[in-house]
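The file model35.cif comes next; it holds mmCIF, N, CA and C atoms.
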data_final
#
loop_
_atom_site.group_PDB
_atom_site.id
_atom_site.type_symbol
_atom_site.label_atom_id
_atom_site.label_comp_id
_atom_site.auth_asym_id
_atom_site.auth_seq_id
_atom_site.Cartn_x
_atom_site.Cartn_y
_atom_site.Cartn_z
ATOM 1 N N MET O 1 80.522 -117.310 -292.703
ATOM 2 C CA MET O 1 81.618 -116.692 -292.024
ATOM 3 C C MET O 1 81.209 -116.451 -290.582
ATOM 4 N N ASP O 2 82.058 -116.751 -289.642
ATOM 5 C CA ASP O 2 81.771 -116.537 -288.235
ATOM 6 C C ASP O 2 81.744 -115.049 -287.937
ATOM 7 N N ASN O 3 80.810 -114.655 -287.066
ATOM 8 C CA ASN O 3 80.744 -113.263 -286.665
ATOM 9 C C ASN O 3 81.493 -113.008 -285.370
ATOM 10 N N ASP O 4 81.955 -114.039 -284.705
ATOM 11 C CA ASP O 4 82.672 -113.896 -283.445
ATOM 12 C C ASP O 4 84.157 -113.759 -283.717
ATOM 13 N N PHE O 5 84.639 -112.536 -283.814
ATOM 14 C CA PHE O 5 86.058 -112.317 -284.057
ATOM 15 C C PHE O 5 86.800 -112.361 -282.736
ATOM 16 N N GLY O 6 87.946 -112.969 -282.751
ATOM 17 C CA GLY O 6 88.814 -112.977 -281.578
ATOM 18 C C GLY O 6 88.457 -114.051 -280.578
ATOM 19 N N GLY O 7 89.365 -114.224 -279.656
ATOM 20 C CA GLY O 7 89.093 -115.129 -278.558
ATOM 21 C C GLY O 7 89.734 -116.486 -278.676
ATOM 22 N N ASP O 8 89.754 -117.086 -279.842
ATOM 23 C CA ASP O 8 90.319 -118.421 -280.011
ATOM 24 C C ASP O 8 91.803 -118.310 -280.331
ATOM 25 N N ILE O 9 92.619 -118.745 -279.389
ATOM 26 C CA ILE O 9 94.067 -118.698 -279.550
ATOM 27 C C ILE O 9 94.590 -120.127 -279.626
ATOM 28 N N ILE O 10 95.446 -120.381 -280.618
ATOM 29 C CA ILE O 10 96.101 -121.682 -280.719
ATOM 30 C C ILE O 10 97.606 -121.453 -280.728
ATOM 31 N N THR O 11 98.325 -122.490 -280.383
ATOM 32 C CA THR O 11 99.779 -122.455 -280.465
ATOM 33 C C THR O 11 100.206 -123.469 -281.513
ATOM 34 N N ILE O 12 100.990 -123.020 -282.484
ATOM 35 C CA ILE O 12 101.509 -123.925 -283.498
ATOM 36 C C ILE O 12 103.021 -123.965 -283.383
ATOM 37 N N GLN O 13 103.578 -125.008 -283.956
ATOM 38 C CA GLN O 13 105.030 -125.177 -283.922
ATOM 39 C C GLN O 13 105.513 -125.399 -285.346
ATOM 40 N N ASP O 14 106.563 -124.678 -285.725
ATOM 41 C CA ASP O 14 107.112 -124.855 -287.067
ATOM 42 C C ASP O 14 108.109 -126.007 -287.086
ATOM 43 N N GLU O 15 108.690 -126.239 -288.257
ATOM 44 C CA GLU O 15 109.619 -127.360 -288.436
ATOM 45 C C GLU O 15 110.844 -127.255 -287.534
ATOM 46 N N ASP O 16 111.189 -126.028 -287.143
ATOM 47 C CA ASP O 16 112.372 -125.805 -286.312
ATOM 48 C C ASP O 16 112.066 -125.844 -284.814
ATOM 49 N N GLY O 17 110.801 -126.108 -284.462
ATOM 50 C CA GLY O 17 110.419 -126.184 -283.053
ATOM 51 C C GLY O 17 110.030 -124.849 -282.443
ATOM 52 N N ASN O 18 109.991 -123.788 -283.253
ATOM 53 C CA ASN O 18 109.571 -122.476 -282.750
ATOM 54 C C ASN O 18 108.060 -122.464 -282.579
ATOM 55 N N GLU O 19 107.585 -121.950 -281.449
ATOM 56 C CA GLU O 19 106.151 -121.892 -281.185
ATOM 57 C C GLU O 19 105.623 -120.488 -281.445
ATOM 58 N N TYR O 20 104.403 -120.437 -281.988
ATOM 59 C CA TYR O 20 103.737 -119.184 -282.291
ATOM 60 C C TYR O 20 102.305 -119.265 -281.817
ATOM 61 N N GLU O 21 101.822 -118.188 -281.197
ATOM 62 C CA GLU O 21 100.426 -118.109 -280.813
ATOM 63 C C GLU O 21 99.685 -117.348 -281.898
ATOM 64 N N LEU O 22 98.577 -117.938 -282.327
ATOM 65 C CA LEU O 22 97.762 -117.340 -283.382
ATOM 66 C C LEU O 22 96.343 -117.159 -282.889
ATOM 67 N N GLU O 23 95.735 -116.061 -283.302
ATOM 68 C CA GLU O 23 94.338 -115.803 -282.970
ATOM 69 C C GLU O 23 93.483 -116.100 -284.196
ATOM 70 N N LEU O 24 92.485 -116.943 -283.996
ATOM 71 C CA LEU O 24 91.586 -117.311 -285.086
ATOM 72 C C LEU O 24 90.641 -116.155 -285.380
ATOM 73 N N LEU O 25 90.649 -115.702 -286.621
ATOM 74 C CA LEU O 25 89.743 -114.645 -287.051
ATOM 75 C C LEU O 25 88.483 -115.220 -287.652
ATOM 76 N N ASP O 26 88.641 -116.278 -288.444
ATOM 77 C CA ASP O 26 87.492 -116.815 -289.168
ATOM 78 C C ASP O 26 87.848 -118.153 -289.802
ATOM 79 N N THR O 27 86.828 -118.870 -290.200
ATOM 80 C CA THR O 27 87.010 -120.059 -291.034
ATOM 81 C C THR O 27 86.110 -119.894 -292.251
ATOM 82 N N LEU O 28 86.535 -120.450 -293.366
ATOM 83 C CA LEU O 28 85.724 -120.388 -294.567
ATOM 84 C C LEU O 28 86.022 -121.582 -295.447
ATOM 85 N N GLU O 29 85.075 -121.855 -296.316
ATOM 86 C CA GLU O 29 85.228 -122.966 -297.250
ATOM 87 C C GLU O 29 85.440 -122.404 -298.648
ATOM 88 N N VAL O 30 86.457 -122.943 -299.317
ATOM 89 C CA VAL O 30 86.769 -122.539 -300.684
ATOM 90 C C VAL O 30 87.019 -123.808 -301.477
ATOM 91 N N GLU O 31 86.227 -123.989 -302.533
ATOM 92 C CA GLU O 31 86.372 -125.144 -303.425
ATOM 93 C C GLU O 31 86.378 -126.461 -302.649
ATOM 94 N N GLY O 32 85.484 -126.568 -301.657
ATOM 95 C CA GLY O 32 85.306 -127.816 -300.925
ATOM 96 C C GLY O 32 86.314 -128.071 -299.818
ATOM 97 N N LYS O 33 87.223 -127.136 -299.590
ATOM 98 C CA LYS O 33 88.209 -127.280 -298.513
ATOM 99 C C LYS O 33 87.967 -126.186 -297.485
ATOM 100 N N THR O 34 88.235 -126.507 -296.219
ATOM 101 C CA THR O 34 88.046 -125.546 -295.142
ATOM 102 C C THR O 34 89.383 -124.936 -294.755
ATOM 103 N N TYR O 35 89.367 -123.632 -294.572
ATOM 104 C CA TYR O 35 90.569 -122.889 -294.223
ATOM 105 C C TYR O 35 90.301 -122.061 -292.976
ATOM 106 N N ALA O 36 91.346 -121.877 -292.186
ATOM 107 C CA ALA O 36 91.278 -121.011 -291.018
ATOM 108 C C ALA O 36 92.145 -119.788 -291.281
ATOM 109 N N ILE O 37 91.616 -118.637 -290.919
ATOM 110 C CA ILE O 37 92.325 -117.383 -291.098
ATOM 111 C C ILE O 37 92.776 -116.918 -289.705
ATOM 112 N N PHE O 38 94.072 -116.744 -289.555
ATOM 113 C CA PHE O 38 94.651 -116.349 -288.280
ATOM 114 C C PHE O 38 95.423 -115.052 -288.421
ATOM 115 N N THR O 39 95.680 -114.444 -287.286
ATOM 116 C CA THR O 39 96.613 -113.335 -287.178
ATOM 117 C C THR O 39 97.491 -113.632 -285.967
ATOM 118 N N PRO O 40 98.715 -113.156 -285.951
ATOM 119 C CA PRO O 40 99.549 -113.393 -284.774
ATOM 120 C C PRO O 40 98.866 -112.836 -283.518
ATOM 121 N N ALA O 41 98.862 -113.604 -282.442
ATOM 122 C CA ALA O 41 98.198 -113.181 -281.208
ATOM 123 C C ALA O 41 98.853 -111.945 -280.614
ATOM 124 N N ASP O 42 100.127 -111.757 -280.884
ATOM 125 C CA ASP O 42 100.841 -110.604 -280.345
ATOM 126 C C ASP O 42 100.928 -109.469 -281.360
ATOM 127 N N ILE O 43 99.894 -109.324 -282.166
ATOM 128 C CA ILE O 43 99.919 -108.352 -283.257
ATOM 129 C C ILE O 43 100.112 -106.925 -282.749
ATOM 130 N N ASP O 44 99.636 -106.621 -281.531
ATOM 131 C CA ASP O 44 99.810 -105.274 -280.992
ATOM 132 C C ASP O 44 101.276 -104.949 -280.753
ATOM 133 N N GLU O 45 102.078 -105.994 -280.547
ATOM 134 C CA GLU O 45 103.495 -105.791 -280.274
ATOM 135 C C GLU O 45 104.349 -105.861 -281.534
ATOM 136 N N MET O 46 103.726 -106.180 -282.663
ATOM 137 C CA MET O 46 104.479 -106.378 -283.895
ATOM 138 C C MET O 46 104.701 -105.068 -284.633
ATOM 139 N N ASP O 47 105.759 -105.035 -285.390
ATOM 140 C CA ASP O 47 106.075 -103.926 -286.270
ATOM 141 C C ASP O 47 105.346 -104.170 -287.587
ATOM 142 N N VAL O 48 104.416 -103.299 -287.947
ATOM 143 C CA VAL O 48 103.631 -103.517 -289.161
ATOM 144 C C VAL O 48 104.470 -103.452 -290.425
ATOM 145 N N ASP O 49 105.687 -102.953 -290.325
ATOM 146 C CA ASP O 49 106.582 -102.956 -291.469
ATOM 147 C C ASP O 49 107.344 -104.268 -291.590
ATOM 148 N N ASP O 50 107.194 -105.148 -290.604
ATOM 149 C CA ASP O 50 107.833 -106.462 -290.607
ATOM 150 C C ASP O 50 107.245 -107.282 -291.748
ATOM 151 N N PRO O 51 108.064 -107.924 -292.577
ATOM 152 C CA PRO O 51 107.537 -108.691 -293.707
ATOM 153 C C PRO O 51 106.706 -109.906 -293.275
ATOM 154 N N ASP O 52 106.824 -110.337 -292.020
ATOM 155 C CA ASP O 52 106.036 -111.468 -291.542
ATOM 156 C C ASP O 52 104.688 -111.042 -290.979
ATOM 157 N N TYR O 53 104.395 -109.746 -290.963
ATOM 158 C CA TYR O 53 103.140 -109.212 -290.455
ATOM 159 C C TYR O 53 102.006 -109.563 -291.409
ATOM 160 N N GLY O 54 100.868 -109.956 -290.887
ATOM 161 C CA GLY O 54 99.703 -110.152 -291.736
ATOM 162 C C GLY O 54 98.894 -111.361 -291.383
ATOM 163 N N LEU O 55 98.039 -111.745 -292.297
ATOM 164 C CA LEU O 55 97.168 -112.890 -292.106
ATOM 165 C C LEU O 55 97.929 -114.185 -292.344
ATOM 166 N N ILE O 56 97.498 -115.201 -291.641
ATOM 167 C CA ILE O 56 98.055 -116.540 -291.811
ATOM 168 C C ILE O 56 96.895 -117.443 -292.195
ATOM 169 N N ILE O 57 97.021 -118.103 -293.329
ATOM 170 C CA ILE O 57 95.973 -118.985 -293.837
ATOM 171 C C ILE O 57 96.466 -120.420 -293.730
ATOM 172 N N LEU O 58 95.695 -121.244 -293.019
ATOM 173 C CA LEU O 58 96.026 -122.656 -292.873
ATOM 174 C C LEU O 58 94.835 -123.496 -293.302
ATOM 175 N N ARG O 59 95.117 -124.630 -293.915
ATOM 176 C CA ARG O 59 94.070 -125.562 -294.340
ATOM 177 C C ARG O 59 93.688 -126.417 -293.133
ATOM 178 N N CYS O 60 92.398 -126.567 -292.893
ATOM 179 C CA CYS O 60 91.898 -127.361 -291.771
ATOM 180 C C CYS O 60 91.722 -128.810 -292.209
ATOM 181 N N GLY O 61 91.998 -129.699 -291.299
ATOM 182 C CA GLY O 61 91.811 -131.115 -291.558
ATOM 183 C C GLY O 61 91.595 -131.850 -290.251
ATOM 184 N N GLU O 62 91.536 -133.165 -290.364
ATOM 185 C CA GLU O 62 91.358 -133.987 -289.182
ATOM 186 C C GLU O 62 92.244 -135.211 -289.304
ATOM 187 N N GLU O 63 92.868 -135.566 -288.206
ATOM 188 C CA GLU O 63 93.734 -136.733 -288.168
ATOM 189 C C GLU O 63 93.532 -137.414 -286.818
ATOM 190 N N ASP O 64 93.141 -138.670 -286.843
ATOM 191 C CA ASP O 64 92.883 -139.426 -285.617
ATOM 192 C C ASP O 64 91.894 -138.705 -284.707
ATOM 193 N N GLY O 65 90.872 -138.090 -285.293
ATOM 194 C CA GLY O 65 89.850 -137.396 -284.523
ATOM 195 C C GLY O 65 90.264 -136.035 -283.996
ATOM 196 N N GLU O 66 91.481 -135.608 -284.292
ATOM 197 C CA GLU O 66 91.987 -134.306 -283.839
ATOM 198 C C GLU O 66 91.988 -133.321 -285.001
ATOM 199 N N GLU O 67 91.621 -132.078 -284.708
ATOM 200 C CA GLU O 67 91.691 -131.045 -285.728
ATOM 201 C C GLU O 67 93.152 -130.672 -285.949
ATOM 202 N N ILE O 68 93.542 -130.611 -287.219
ATOM 203 C CA ILE O 68 94.913 -130.233 -287.550
ATOM 204 C C ILE O 68 94.880 -129.082 -288.558
ATOM 205 N N TYR O 69 95.974 -128.357 -288.608
ATOM 206 C CA TYR O 69 96.123 -127.259 -289.551
ATOM 207 C C TYR O 69 97.364 -127.512 -290.385
ATOM 208 N N ASP O 70 97.195 -127.428 -291.696
ATOM 209 C CA ASP O 70 98.309 -127.616 -292.621
ATOM 210 C C ASP O 70 98.625 -126.301 -293.320
ATOM 211 N N SER O 71 99.903 -126.083 -293.560
ATOM 212 C CA SER O 71 100.285 -124.899 -294.315
ATOM 213 C C SER O 71 99.825 -125.062 -295.759
ATOM 214 N N VAL O 72 99.609 -123.943 -296.399
ATOM 215 C CA VAL O 72 99.217 -123.929 -297.810
ATOM 216 C C VAL O 72 100.421 -123.410 -298.578
ATOM 217 N N ASP O 73 101.043 -124.306 -299.344
ATOM 218 C CA ASP O 73 102.272 -123.947 -300.051
ATOM 219 C C ASP O 73 102.037 -123.457 -301.476
ATOM 220 N N ASP O 74 100.857 -123.712 -302.019
ATOM 221 C CA ASP O 74 100.522 -123.322 -303.383
ATOM 222 C C ASP O 74 100.069 -121.856 -303.393
ATOM 223 N N GLU O 75 100.827 -120.992 -304.056
ATOM 224 C CA GLU O 75 100.520 -119.556 -304.102
ATOM 225 C C GLU O 75 99.140 -119.283 -304.697
ATOM 226 N N GLU O 76 98.753 -120.030 -305.737
ATOM 227 C CA GLU O 76 97.451 -119.819 -306.373
ATOM 228 C C GLU O 76 96.323 -120.163 -305.406
ATOM 229 N N GLU O 77 96.494 -121.251 -304.646
ATOM 230 C CA GLU O 77 95.495 -121.647 -303.654
ATOM 231 C C GLU O 77 95.388 -120.563 -302.568
ATOM 232 N N LEU O 78 96.531 -120.079 -302.105
ATOM 233 C CA LEU O 78 96.533 -119.002 -301.106
ATOM 234 C C LEU O 78 95.821 -117.766 -301.634
ATOM 235 N N ASP O 79 96.094 -117.417 -302.874
ATOM 236 C CA ASP O 79 95.457 -116.250 -303.482
ATOM 237 C C ASP O 79 93.941 -116.416 -303.538
ATOM 238 N N ARG O 80 93.464 -117.613 -303.924
ATOM 239 C CA ARG O 80 92.021 -117.858 -304.005
ATOM 240 C C ARG O 80 91.365 -117.716 -302.630
ATOM 241 N N VAL O 81 91.999 -118.276 -301.616
ATOM 242 C CA VAL O 81 91.442 -118.197 -300.262
ATOM 243 C C VAL O 81 91.458 -116.753 -299.779
ATOM 244 N N TYR O 82 92.565 -116.054 -299.986
ATOM 245 C CA TYR O 82 92.663 -114.660 -299.567
ATOM 246 C C TYR O 82 91.611 -113.800 -300.273
ATOM 247 N N GLU O 83 91.462 -113.982 -301.569
ATOM 248 C CA GLU O 83 90.482 -113.195 -302.329
ATOM 249 C C GLU O 83 89.062 -113.480 -301.847
ATOM 250 N N THR O 84 88.767 -114.738 -301.535
ATOM 251 C CA THR O 84 87.446 -115.097 -301.008
ATOM 252 C C THR O 84 87.219 -114.430 -299.658
ATOM 253 N N TYR O 85 88.219 -114.493 -298.784
ATOM 254 C CA TYR O 85 88.116 -113.872 -297.468
ATOM 255 C C TYR O 85 87.926 -112.362 -297.600
ATOM 256 N N GLN O 86 88.692 -111.736 -298.461
ATOM 257 C CA GLN O 86 88.590 -110.294 -298.660
ATOM 258 C C GLN O 86 87.208 -109.912 -299.189
ATOM 259 N N ALA O 87 86.666 -110.715 -300.109
ATOM 260 C CA ALA O 87 85.332 -110.444 -300.649
ATOM 261 C C ALA O 87 84.273 -110.543 -299.547
ATOM 262 N N LEU O 88 84.433 -111.512 -298.638
ATOM 263 C CA LEU O 88 83.495 -111.633 -297.520
ATOM 264 C C LEU O 88 83.584 -110.431 -296.589
ATOM 265 N N LEU O 89 84.796 -109.976 -296.319
ATOM 266 C CA LEU O 89 84.967 -108.787 -295.482
ATOM 267 C C LEU O 89 84.355 -107.559 -296.151
ATOM 268 N N ASP O 90 84.581 -107.419 -297.448
ATOM 269 C CA ASP O 90 84.020 -106.289 -298.186
ATOM 270 C C ASP O 90 82.495 -106.321 -298.149
ATOM 271 N N ALA O 91 81.914 -107.515 -298.315
ATOM 272 C CA ALA O 91 80.459 -107.657 -298.287
ATOM 273 C C ALA O 91 79.916 -107.314 -296.899
ATOM 274 N N GLU O 92 80.603 -107.741 -295.849
ATOM 275 C CA GLU O 92 80.191 -107.403 -294.488
ATOM 276 C C GLU O 92 80.246 -105.898 -294.263
ATOM 277 N N GLU O 93 81.296 -105.262 -294.781
ATOM 278 C CA GLU O 93 81.445 -103.828 -294.618
ATOM 279 C C GLU O 93 80.329 -103.097 -295.331
ATOM 280 N N GLU O 94 79.994 -103.557 -296.540
ATOM 281 C CA GLU O 94 78.892 -102.948 -297.286
ATOM 282 C C GLU O 94 77.584 -103.123 -296.553
ATOM 283 N N ASP O 95 77.339 -104.324 -296.009
ATOM 284 C CA ASP O 95 76.108 -104.596 -295.272
ATOM 285 C C ASP O 95 75.998 -103.724 -294.032
ATOM 286 N N SER O 96 77.085 -103.546 -293.306
ATOM 287 C CA SER O 96 77.044 -102.709 -292.103
ATOM 288 C C SER O 96 76.876 -101.242 -292.481
ATOM 289 N N GLY O 97 77.392 -100.838 -293.620
ATOM 290 C CA GLY O 97 77.235 -99.479 -294.092
ATOM 291 C C GLY O 97 75.807 -99.185 -294.504
ATOM 292 N N ASP O 98 75.099 -100.193 -295.023
ATOM 293 C CA ASP O 98 73.714 -100.034 -295.430
ATOM 294 C C ASP O 98 72.799 -99.873 -294.234
ATOM 295 N N GLN O 99 73.202 -100.390 -293.068
ATOM 296 C CA GLN O 99 72.341 -100.377 -291.889
ATOM 297 C C GLN O 99 72.472 -99.091 -291.091
ATOM 298 N N GLU O 100 73.401 -98.240 -291.423
ATOM 299 C CA GLU O 100 73.616 -97.004 -290.658
ATOM 300 C C GLU O 100 72.588 -95.970 -290.992
#

Give the structure from this file in structure tokens form.
Amino acid sequence: MDNDFGGDIITIQDEDGNEYELELLDTLEVEGKTYAIFTPADIDEMDVDDPDYGLIILRCGEEDGEEIYDSVDDEEELDRVYETYQALLDAEEEDSGDQE
């Protein structure tokens, strides 16, 4: 898991042509696939009660030498990646707590 949080901002476009800026939080590998964990770049301006608030998980790939991100439509796959990410965060929190 990367220890450098923040800083990497990408712009993605949905099927309707709407653009969104996302901040890369981390990348991780689950079951041989690489995933990127993002949060909306404008999270400070967002309403946390908004149902679209939260983490965005995209599958990483490569096409014609370019890095691409694909949406993950399978709920079970999303759950596995989220649970893995959460376990890594929990382990980091425990490790930092042990060092105090």

TODO: Extract, using only C-alpha atoms, all DNA, RNA and protein residues at most 6 Å from Ile37 of chain O, discarding same-chain residues fewer than 3 positions from it, and format them as an NGL selection string.
DONE: :O and (25-27 or 56-57)

- [ ] Compare O:Ser96, O:Leu58, O:Asp90, O:Glu63 by their minimum atom-to-atom distance to Leu78 of chain O, counting only C-alpha atoms, and give me the closest one.
- [x]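 Nearest candidate to Leu78 of chain O out of O:Ser96, O:Leu58, O:Asp90, O:Glu63: O:Leu58.
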
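When only N, CA and C atoms are used to compute distances to Glu23 of chain O, the closest of the residues O:Glu66, O:Leu89, O:Pro40, O:Glu94 turns out to be O:Pro40.
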
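Across the model, the gap from atom CA of Leu28 of chain O to atom CA of Thr11 of chain O is 20.0 Å.
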
Task: Atom-to-atom span, atom CA of Thr39 of chain O and atom CA of Leu55 of chain O, Å - done: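 Computing it gives 5.0 Å between the two atoms.
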
Open item on the list: Taking only segment 28-96 of chain O into account, list the residues labelled strand (DSSP E) by DSSP (computed from the backbone), as JSON, numbers by chain.
Closed with: {"O": [28, 29, 30, 33, 34, 35, 36, 37, 38, 39, 40, 56, 57, 58, 59, 60, 61, 62, 63, 66, 67, 68, 69, 70, 71]}

Task: Selection result for the PyMOL selection byres (((chain O and resi 69-74 and name CA) around 6) and name CA) on this file, as a ChimeraX atom specification - done: /O:58-60,68,75-77

TODO: Could you jot down the atom CA of Asp64 of chain O to atom CA of Tyr85 of chain O separation for me, Å, one decimal place?
DONE: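 Atom CA of Tyr85 of chain O lies at a distance of 28.6 Å from atom CA of Asp64 of chain O.
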